[in-house]
Structure formats: structure tokens, C-alpha cells
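One structure below.
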Amino acid sequence: MCAATAPATTTTAYPRVRRIRFPFGAAKSSDRYFVENDIVFSHFIAGLSGGFPSGEEGFIRSVRRFADQITDPVLKKRVAAFIGQEAMHGREHRQLNDRLIELGYPIAWLDTEKYKERMIRTENRFSGFVHLAVTAAAEHYTAVLAERVLSSPEIQAIPGEAEVWNLLNWHALEELEHKSVAFDVYRAVGGSEFTRIATMFVLFALTTPFVLSSLAVSIASDPHARTRPLTVVRQTWNLLRGPMFRGLMPELAKYMKPGFHPDDIDTNALLQQWQAELFGAEGTLVDHLK
């Protein structure tokens with residue numbers, strides 16, 4: 001296949017790779033429900049974090065499969081930054097996950113060699129275009145969630161452990177910074193609109209059953225949660241109708257519009273706000289940088 005260049009609409013901004021470390025201490029039993037002392041919300045965040053390291057590695061592999069076909073210097077630099085950011089996300093979520101595992105969350109299996117080998121075998125059953133289309137679609141998921149986290153005072157006001165929220169805010173910021181990189185690689189190397197939209201359609205159809213079943217399995221492993229079924233039902237309802245999920249599916253569905261590009265959703269002002277808030281001269285995470 002011939003070398004590819006980026007489409008004319010590609011942004012010229014480079015994501016920034018930040019060397020950062022979050023000081024997660026030893027787990028204490030009193031920290032178990034670290035988000036608003038909410039069983040369901042805490043299991044949901046733990047499940048997300050548990051899946052990030054192996055997921056980020058899969059995203060990196062999907063882009064690297066086409067690295068030698070990218071000749072556009074701007075896109076090449078954006079890809080390098082995308083890989084650097086995703087690698088840092090995986091590293092820091094592993095630190096958090098170690099603590100969550102100590103607290104009893106059933107996420108250890110998501111970052112084992114056996115699971116990684118199974119993921120790679122699955123990836124290799126599909127063409128590189130499909131694997132990259134999955135990454136581009138997944139990046140839309142993370143970008144939509146990131147925009148919600150950073151733009152919603154209601155979410156930011158949810159009580160929770162400070163370092164967990166610091167990690168989530170940093171991760172959300174960088175997801176917005178590189179939200180169109182995998183998409184632009186997909187377009188640049190000749191990925192079709194049909195495959196892009198069809199891939200998202202499958203992921204979209206699986207979203208609700210996957211989230212609910214994963215959450216149910218996680219909560220079912222929690223002895224304390226099993227003794228409070230009414231609380232679990234109420235908290236599940238509150239999570240699904242709360243600011244994290246309210247109106248989420250229509251936002252995800254925008255990706256399936258022919259001609260869609262992630263940068264059609266303007267998050268520049270939000271990016272500038274949080275870049276300053278987290279990493280400006282007096283940013284709350286400046287002291288976390290290495």
C-alpha cells in the first residue's frame with residue numbers, strides 16, 4: 001500500500017506528553033467506596049480503571065500497525081504524542097489499580113499476560129483497518145466522557161478521593177488533546193466510511209449490555225454489596241440517570257454520521273481552561289510532574 005498523508009482538515013496541535021506521578025498510598029478498608037461512599041459508582045470507576053492499561057496498549061498497537069504508511073510530518077508527531085500519552089495513562093492507572101485490587105475490586109485479570117495474549121489474538125483475527133476503526137471509535141467514547149467530566153460542575157462536585165479525581169481529570173484532559181489522532185490515521189491510510197460507521201454501530205449496540213453486565217459481575221463479587229440489594233439498585237439507577245450517563249447515547253451516536261470528524265465537536269475552550277487549571281503557573285497538578 002502506498003504511503004499516506006493526513007487529510008487537509010487535520011488539526012496542527014500536538015498533544016503533550018507529561019511525565020507525571022500520582023502518589024497513591026496504601027489501601028485502607030475505610031477507602032473501599034472511594035467515590036461518594038457509593039458502592040455502584042466506585043465499582044464503575046474501578047472497572048474503567050482496570051480496563052485502561054490493556055486497552056491503551058491495544059490502541060497503541062492499532063496505530064503502530066500503520067506507522068510506516070504515515071509520511072505527513074504533523075500527523076507523525078501527533079501519533080508519537082498519542083503513543084506517549086497512552087503509555088503514561090496505562091502506567092498511572094496500573095498504580096491506581098494495584099490499590100483497588102488491595103481493596104478487593106475484581107480487576108486484576110484485566111491486566112494479566114493471559115488476557116493480553118487473548119487480546120492480541122483477537123486483534124490479529126481482524127484487518128488492521130478494523131482494529132484501527134475500533135480504536136478511533138473507542139477514542140470517541142473516551143472523548144465524550146472526558147468532555148462530560150471536565151465540563152460538568154455536577155460531576156466535579158461529586159465527593160471522592162482527591163488523587164483519584166486528579167488522575168481522572170488529567171486523563172480526561174489528555175483524551176481531549178488527542179481525540180482525533182487515531183481517527184486521522186484511519187482516514188490517512190485509506191480506511192473506509194462504511195467500516196468506520198459499521199464498527200461504531202457494533203460498539204454502540206454493545207455499550208449498555210456490556211456496562212450493565214460488567215458492573216453486575218463486579219458488584220456480585222462484593223460481599224458487602226450483596227447484603228444491601230436495595231442500596232445497589234438505587235445507586236445503579238442514580239448512576240444511569242446521573243450526569244455521567246444522562247444523554248450519553250445521542251452524543252456517542254454522532255460518530256455514525258457520514259462525514260463526521262471528532263474536531264466537529266469544539267472542545268478548544270475547555271482544553272485551554274483545564275490546561276491552565278491543571279498545569280498552568282499555579283496548576284493543581286504541577287507538583288505531580290516529574
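Ordered as shown in the C-alpha cells, chains take letters A, B, and onward, while each chain numbers its residues from 1 and ligands are numbered from 1 in the order shown.
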Give one line per residue of segment 183-249 of chain A that approaches segment 104-124 of chain A to at most 8 Å, naming the two atoms of the closest pair and their distance in Å to one decimal, counting only C-alpha atoms; sort by chain then ascending residue number and deliver it as CSV.
```
residue,atom,partner,partner_atom,distance
A:Ser218,CA,A:Pro106,CA,6.3
A:Ser221,CA,A:Pro106,CA,7.2
A:Asp222,CA,A:Gly104,CA,7.7
```
Practice problem: Find the residues around Glu86 of chain A up to 10 Å (only C-alpha atoms counted), leave out those fewer than 2 positions away in its own chain, and share them as a list in words. | Solution: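 After dropping sequence-adjacent residues, the list is Val17, Phe52, Pro53, Gly55, Glu56, Glu57, Gly58, Phe59, Ile60, Ala81, Phe82, Ile83, Gly84, Met88, His89, Gly90, Arg91, His171, Glu174, Glu175 and His178 of chain A.
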Quiz item: Counting only C-alpha atoms, which of A:Leu252, A:Leu176, A:Val286, A:Ala198 gets nearest to Leu271 of chain A?
Solution: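 With only C-alpha atoms as the atom set, the closest residue is A:Leu176.
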Please build the interface table for segment 15-118 of chain A against segment 227-246 of chain A with a cut-off of 9 Å, listing for each qualifying residue the nearest atom pair and the distance in Å to one decimal; count only C-alpha atoms, order rows by chain and increasing number, and write it as JSON lines.
```
{"residue": "A:Asp38", "atom": "CA", "partner": "A:Gln235", "partner_atom": "CA", "distance": 7.1}
{"residue": "A:Ile39", "atom": "CA", "partner": "A:Val232", "partner_atom": "CA", "distance": 6.9}
{"residue": "A:Val40", "atom": "CA", "partner": "A:Gln235", "partner_atom": "CA", "distance": 5.9}
{"residue": "A:Phe41", "atom": "CA", "partner": "A:Leu239", "partner_atom": "CA", "distance": 6.6}
```
Could you turn the residues from that selection into a file that holds C-alpha atoms, as an mmCIF file, in the first residue's frame?
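Okay, this is what ended up in result-v3.cif:
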```
data_model
loop_
_atom_site.group_PDB
_atom_site.id
_atom_site.type_symbol
_atom_site.label_atom_id
_atom_site.label_comp_id
_atom_site.auth_asym_id
_atom_site.auth_seq_id
_atom_site.Cartn_x
_atom_site.Cartn_y
_atom_site.Cartn_z
ATOM 1 C CA ASP A 38 -21.206 4.914 46.701
ATOM 2 C CA ILE A 39 -20.926 1.160 46.064
ATOM 3 C CA VAL A 40 -22.024 1.222 42.424
ATOM 4 C CA PHE A 41 -20.202 4.373 41.333
#
```
Quiz item: Could you name the residues that touch Ala80 of chain A at 10 Å or less, counting only C-alpha atoms, but leaving out those on the same chain fewer than 3 positions away, as a PyMOL selection string?
Solution: chain A and resi 14-17+60+63-64+67+75-77+83-85+181
Exercise. Enumerate, as a ChimeraX atom specification, the complete set of residues in segment 151-213 of chain A that a backbone-based DSSP assignment places in alpha helix (DSSP H).
Key: /A:151,153-156,162-177,181-188,193-213
Practice problem: Report the distance between atom CA of Gly190 of chain A and atom CA of Leu203 of chain A in Å, rounded to one decimal place. | Solution: 21.2 Å
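Atom pair atom CA of Asp184 of chain A / atom CA of His140 of chain A: separated by 12.3 Å.
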Using only C-alpha atoms, which residues sit within 12 Å of Asp31 of chain A once same-chain residues fewer than 2 positions away are excluded, as a compact mmCIF listing (two decimals) with N, CA and C atoms, in the first residue's frame?
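This is the output file out.txt:
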```txt
# COMPACT_ATOMS: atom_id res chain seq x y z
N PHE A 24 -0.47 7.51 45.08
CA PHE A 24 -1.49 6.70 45.74
C PHE A 24 -0.85 5.96 46.91
N GLY A 25 -1.44 6.13 48.08
CA GLY A 25 -0.93 5.48 49.28
C GLY A 25 -1.43 4.05 49.39
N ALA A 26 -1.10 3.42 50.49
CA ALA A 26 -1.57 2.07 50.74
C ALA A 26 -3.09 2.08 50.96
N ALA A 27 -3.73 1.04 50.50
CA ALA A 27 -5.18 0.95 50.62
C ALA A 27 -5.59 0.71 52.07
N LYS A 28 -6.67 1.37 52.48
CA LYS A 28 -7.25 1.13 53.80
C LYS A 28 -8.70 0.70 53.60
N SER A 29 -9.18 -0.16 54.47
CA SER A 29 -10.54 -0.69 54.31
C SER A 29 -11.57 0.43 54.28
N TYR A 33 -15.13 2.38 49.23
CA TYR A 33 -16.04 3.05 48.31
C TYR A 33 -15.59 4.50 48.19
N PHE A 34 -14.63 4.70 47.29
CA PHE A 34 -13.85 5.93 47.24
C PHE A 34 -14.55 7.05 46.47
N VAL A 35 -15.68 6.77 45.83
CA VAL A 35 -16.45 7.80 45.14
C VAL A 35 -17.75 8.01 45.89
N GLU A 36 -17.81 9.07 46.67
CA GLU A 36 -19.04 9.46 47.37
C GLU A 36 -19.56 8.35 48.29
N ASN A 37 -18.68 7.46 48.73
CA ASN A 37 -19.08 6.31 49.53
C ASN A 37 -20.22 5.54 48.86
N ASP A 38 -20.17 5.51 47.53
CA ASP A 38 -21.21 4.91 46.70
C ASP A 38 -20.69 3.58 46.16
N ILE A 39 -21.37 2.48 46.49
CA ILE A 39 -20.93 1.16 46.06
C ILE A 39 -20.85 1.05 44.55
N SER A 42 -18.38 3.52 42.70
CA SER A 42 -17.00 3.10 42.95
C SER A 42 -16.63 1.88 42.12
N ARG A 99 -3.87 -0.47 44.02
CA ARG A 99 -4.57 -0.12 45.26
C ARG A 99 -5.99 -0.64 45.25
N LEU A 100 -6.67 -0.54 44.10
CA LEU A 100 -8.04 -1.01 44.03
C LEU A 100 -8.12 -2.52 44.23
N GLU A 102 -6.09 -4.21 46.12
CA GLU A 102 -5.95 -4.39 47.57
C GLU A 102 -7.28 -4.19 48.28
N LEU A 103 -8.11 -3.30 47.75
CA LEU A 103 -9.40 -3.04 48.36
C LEU A 103 -10.44 -4.09 48.00
N GLY A 104 -10.10 -5.01 47.12
CA GLY A 104 -10.99 -6.11 46.81
C GLY A 104 -11.73 -6.01 45.49
N TYR A 105 -11.43 -5.01 44.66
CA TYR A 105 -12.12 -4.91 43.36
C TYR A 105 -11.58 -5.98 42.42
N GLY A 160 -15.13 12.53 46.47
CA GLY A 160 -14.32 11.35 46.18
C GLY A 160 -12.90 11.60 46.60
N GLU A 161 -12.07 10.56 46.55
CA GLU A 161 -10.68 10.71 46.94
C GLU A 161 -9.97 11.64 45.98
N ALA A 162 -9.24 12.59 46.51
CA ALA A 162 -8.64 13.66 45.70
C ALA A 162 -7.73 13.13 44.61
N VAL A 164 -7.68 10.25 43.13
CA VAL A 164 -8.42 9.55 42.08
C VAL A 164 -9.00 10.56 41.11
```
Quiz item: With only C-alpha atoms as the atoms that count, which of A:Ile197, A:Met249, A:Val149, A:Ala216 lies nearest to Ala136 of chain A?
Solution: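 Going through A:Ile197, A:Met249, A:Val149, A:Ala216 one by one, the smallest distance to Ala136 of chain A is for A:Ile197.
Checking A:Lys254, A:Glu277, A:Leu132, A:Gln272 one by one against Val185 of chain A, counting only C-alpha atoms, you find the shortest gap at A:Leu132.
Straight-line separation from atom CA of Gly283 of chain A to atom CA of Arg32 of chain A: 28.5 Å.
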